[in-house]
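Report on one structure; see the data block that follows.
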Amino acid sequence: MKIAAIVGSNRQSSYNMKLVRFLQARYTDKVEIEILPIDQLPFYNQDEELNPPVIVNEIKNKIQVSDGVLIATPEYNSSISGMLKNALDWFSRVEQVMVNKPTMIIGASMGIMGTIRAQMQLRQILNSPGIGALTLPGNEVFIGAIQNKMDEQGRLTDEPTIQFMDTVLGNFIEWAEKTKVFS
Ligand code: FNR
């Protein structure tokens, strides 16, 4: 199973990026996770959508051929980051590559809320007609105090969180297989 991963933070030491890298390494026997460089996308511009910069179609194609999408979102001012919204806006136009795409959401923050507000908004955005992703029901992954749950190399070390991730990833794979009937 091929999973296209999108991380909503472009900072070098991003916890959300570290989390996705951890999942990428942990589940190699189950899924192939490719992290898409959405930080290279230009600002969405409707004037360019029919003939967009090459990187736009490259990233959209990766989503199109994937069996599912993993989104790791930080929380910026009670919402998702502008970079993540920008990517979703590109994905929602012309070839609408997220439509009926099984999608799993995770998010980590240093506070106790673990990106709850950002994820609530993200689910709403993913439900809009131009995006139309199929979001994994339940299985909400809000990881608070992430700075205490990783080692210095950025590997997740918190055992309950790791076990929860194992369960959610297993649920996602099983559920994504069932959704194939919609695509
Ligand atoms: C934040 N942060 C933050 N945290 C939170 O829990 N709720 C919030 O609303 C915000 N708002 C916010 C705005 C901006 C502009 C920044 C830069 C940061 C803190 C944020 O969760 C923290 O920096 C995370 O570490 C960001 O994720 P990455 O970059 O580590 O993946």
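Numbering starts fresh at 1 for the residues of each chain in the structure tokens, the chains themselves are lettered A, B, ... in the order given, and ligands are numbered from 1 as they appear.
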
Once you count only C-alpha atoms, what closest atom pair and distance in Å to one decimal does each residue of stretch 129-158 of chain A within 7 Å of stretch 8-31 of chain A have, with rows by chain and rising residue number, as JSON lines?
{"residue": "A:Gly154", "atom": "CA", "partner": "A:Lys18", "partner_atom": "CA", "distance": 5.8}
{"residue": "A:Arg155", "atom": "CA", "partner": "A:Phe22", "partner_atom": "CA", "distance": 6.1}
{"residue": "A:Leu156", "atom": "CA", "partner": "A:Phe22", "partner_atom": "CA", "distance": 6.8}

Would you save the residues from that selection as a JSON list (two decimals), in the first residue's frame, using N, CA and C atoms?
[["chain", "number", "residue", "atom", "x", "y", "z"],
["A", 154, "GLY", "N", 14.83, 12.55, 17.73],
["A", 154, "GLY", "CA", 13.52, 12.78, 17.14],
["A", 154, "GLY", "C", 12.72, 11.51, 16.92],
["A", 155, "ARG", "N", 13.10, 10.44, 17.63],
["A", 155, "ARG", "CA", 12.31, 9.20, 17.51],
["A", 155, "ARG", "C", 11.27, 9.18, 18.62],
["A", 156, "LEU", "N", 10.07, 8.76, 18.25],
["A", 156, "LEU", "CA", 9.00, 8.64, 19.24],
["A", 156, "LEU", "C", 9.41, 7.56, 20.25]]

Hey, which bits of stretch 112-176 of chain A sit within 7 Å of stretch 72-78 of chain A, and for each residue what's the closest pair of atoms and how far apart in Å (one decimal), counting only C-alpha atoms, rows by chain and increasing number, as JSON lines?
{"residue": "A:Thr115", "atom": "CA", "partner": "A:Glu75", "partner_atom": "CA", "distance": 5.1}
{"residue": "A:Arg117", "atom": "CA", "partner": "A:Ser78", "partner_atom": "CA", "distance": 5.5}
{"residue": "A:Ala118", "atom": "CA", "partner": "A:Glu75", "partner_atom": "CA", "distance": 5.2}

Can you write out the residues you just picked, keeping C-alpha atoms, as a CSV table (one decimal), in the first residue's frame?
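selection35.csv was written with the following content:
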chain,number,residue,atom,x,y,z
A,115,THR,CA,-3.8,20.1,17.6
A,117,ARG,CA,-8.6,22.8,17.0
A,118,ALA,CA,-6.5,22.5,13.9

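Restricting the calculation to only C-alpha atoms and all ligand atoms, the smallest distance between ligand 1 and any of A:Asp67, A:Gln147, A:Asp166, A:Leu134 is found for A:Gln147.
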
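Using only C-alpha atoms and all ligand atoms, the nearest neighbour of ligand 1 within the list A:Val168, A:Ala145, A:Val69, A:Ile63 is A:Ala145.
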
Check: Hey, what does DSSP flag as alpha helix (DSSP H) within stretch 71-161 of chain A? Can you give it to me as number ranges by chain?
Finding: A: 82-91, 116-126, 159-161

Residues from last step as file, C-alpha atoms, as an mmCIF file, in the first residue's frame:
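again_33.cif was written with the following content:
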data_model
loop_
_atom_site.group_PDB
_atom_site.id
_atom_site.type_symbol
_atom_site.label_atom_id
_atom_site.label_comp_id
_atom_site.auth_asym_id
_atom_site.auth_seq_id
_atom_site.Cartn_x
_atom_site.Cartn_y
_atom_site.Cartn_z
ATOM 1 C CA GLY A 82 -1.041 28.389 5.659
ATOM 2 C CA MET A 83 1.313 25.993 3.897
ATOM 3 C CA LEU A 84 -1.023 23.044 4.403
ATOM 4 C CA LYS A 85 -4.070 25.048 3.306
ATOM 5 C CA ASN A 86 -2.163 26.219 0.241
ATOM 6 C CA ALA A 87 -1.423 22.614 -0.763
ATOM 7 C CA LEU A 88 -5.050 21.585 -0.252
ATOM 8 C CA ASP A 89 -6.205 24.504 -2.405
ATOM 9 C CA TRP A 90 -3.992 23.310 -5.277
ATOM 10 C CA PHE A 91 -5.266 19.742 -4.801
ATOM 11 C CA ILE A 116 -7.425 19.419 18.391
ATOM 12 C CA ARG A 117 -8.606 22.752 16.991
ATOM 13 C CA ALA A 118 -6.495 22.487 13.855
ATOM 14 C CA GLN A 119 -7.728 18.951 13.205
ATOM 15 C CA MET A 120 -11.384 19.912 13.622
ATOM 16 C CA GLN A 121 -10.930 22.567 10.959
ATOM 17 C CA LEU A 122 -8.916 20.228 8.782
ATOM 18 C CA ARG A 123 -11.734 17.661 8.787
ATOM 19 C CA GLN A 124 -14.163 20.366 7.704
ATOM 20 C CA ILE A 125 -11.852 21.476 4.866
ATOM 21 C CA LEU A 126 -11.323 17.893 3.718
ATOM 22 C CA GLU A 159 5.204 3.628 24.517
ATOM 23 C CA PRO A 160 1.439 4.356 24.873
ATOM 24 C CA THR A 161 1.662 6.751 21.907
#

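The coordinates place atom 30 (O, counted along the ligand's line) of ligand 1 at 21.0 Å from atom CA of A:Thr103.
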
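Near A:Asn139, within 9 Å and counting only C-alpha atoms, sit Met104, Ile105, Thr167, Val168, Asn171 and Phe172 of chain A; same-chain residues fewer than 6 positions away were not included.
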
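Nearest-residue note for A:Phe164: choosing from A:Lys178, A:Lys101, A:Ile35, A:Val141, the minimum distance belongs to A:Val141, counting only C-alpha atoms.
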
Next item on the list: Could you give me, as a list in words, the residues within 12 Å of A:Val54, counting only C-alpha atoms and dropping anything in the same chain fewer than 6 positions from it?
Entry: Gln40, Leu41, Pro42, Glu48, Lys60 and Asn61 of chain A

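Each of A:Ile106, A:Met113, A:Ala5, A:Val65 was compared to ligand 1 using only C-alpha atoms and all ligand atoms, and A:Met113 turns out to be the nearest.
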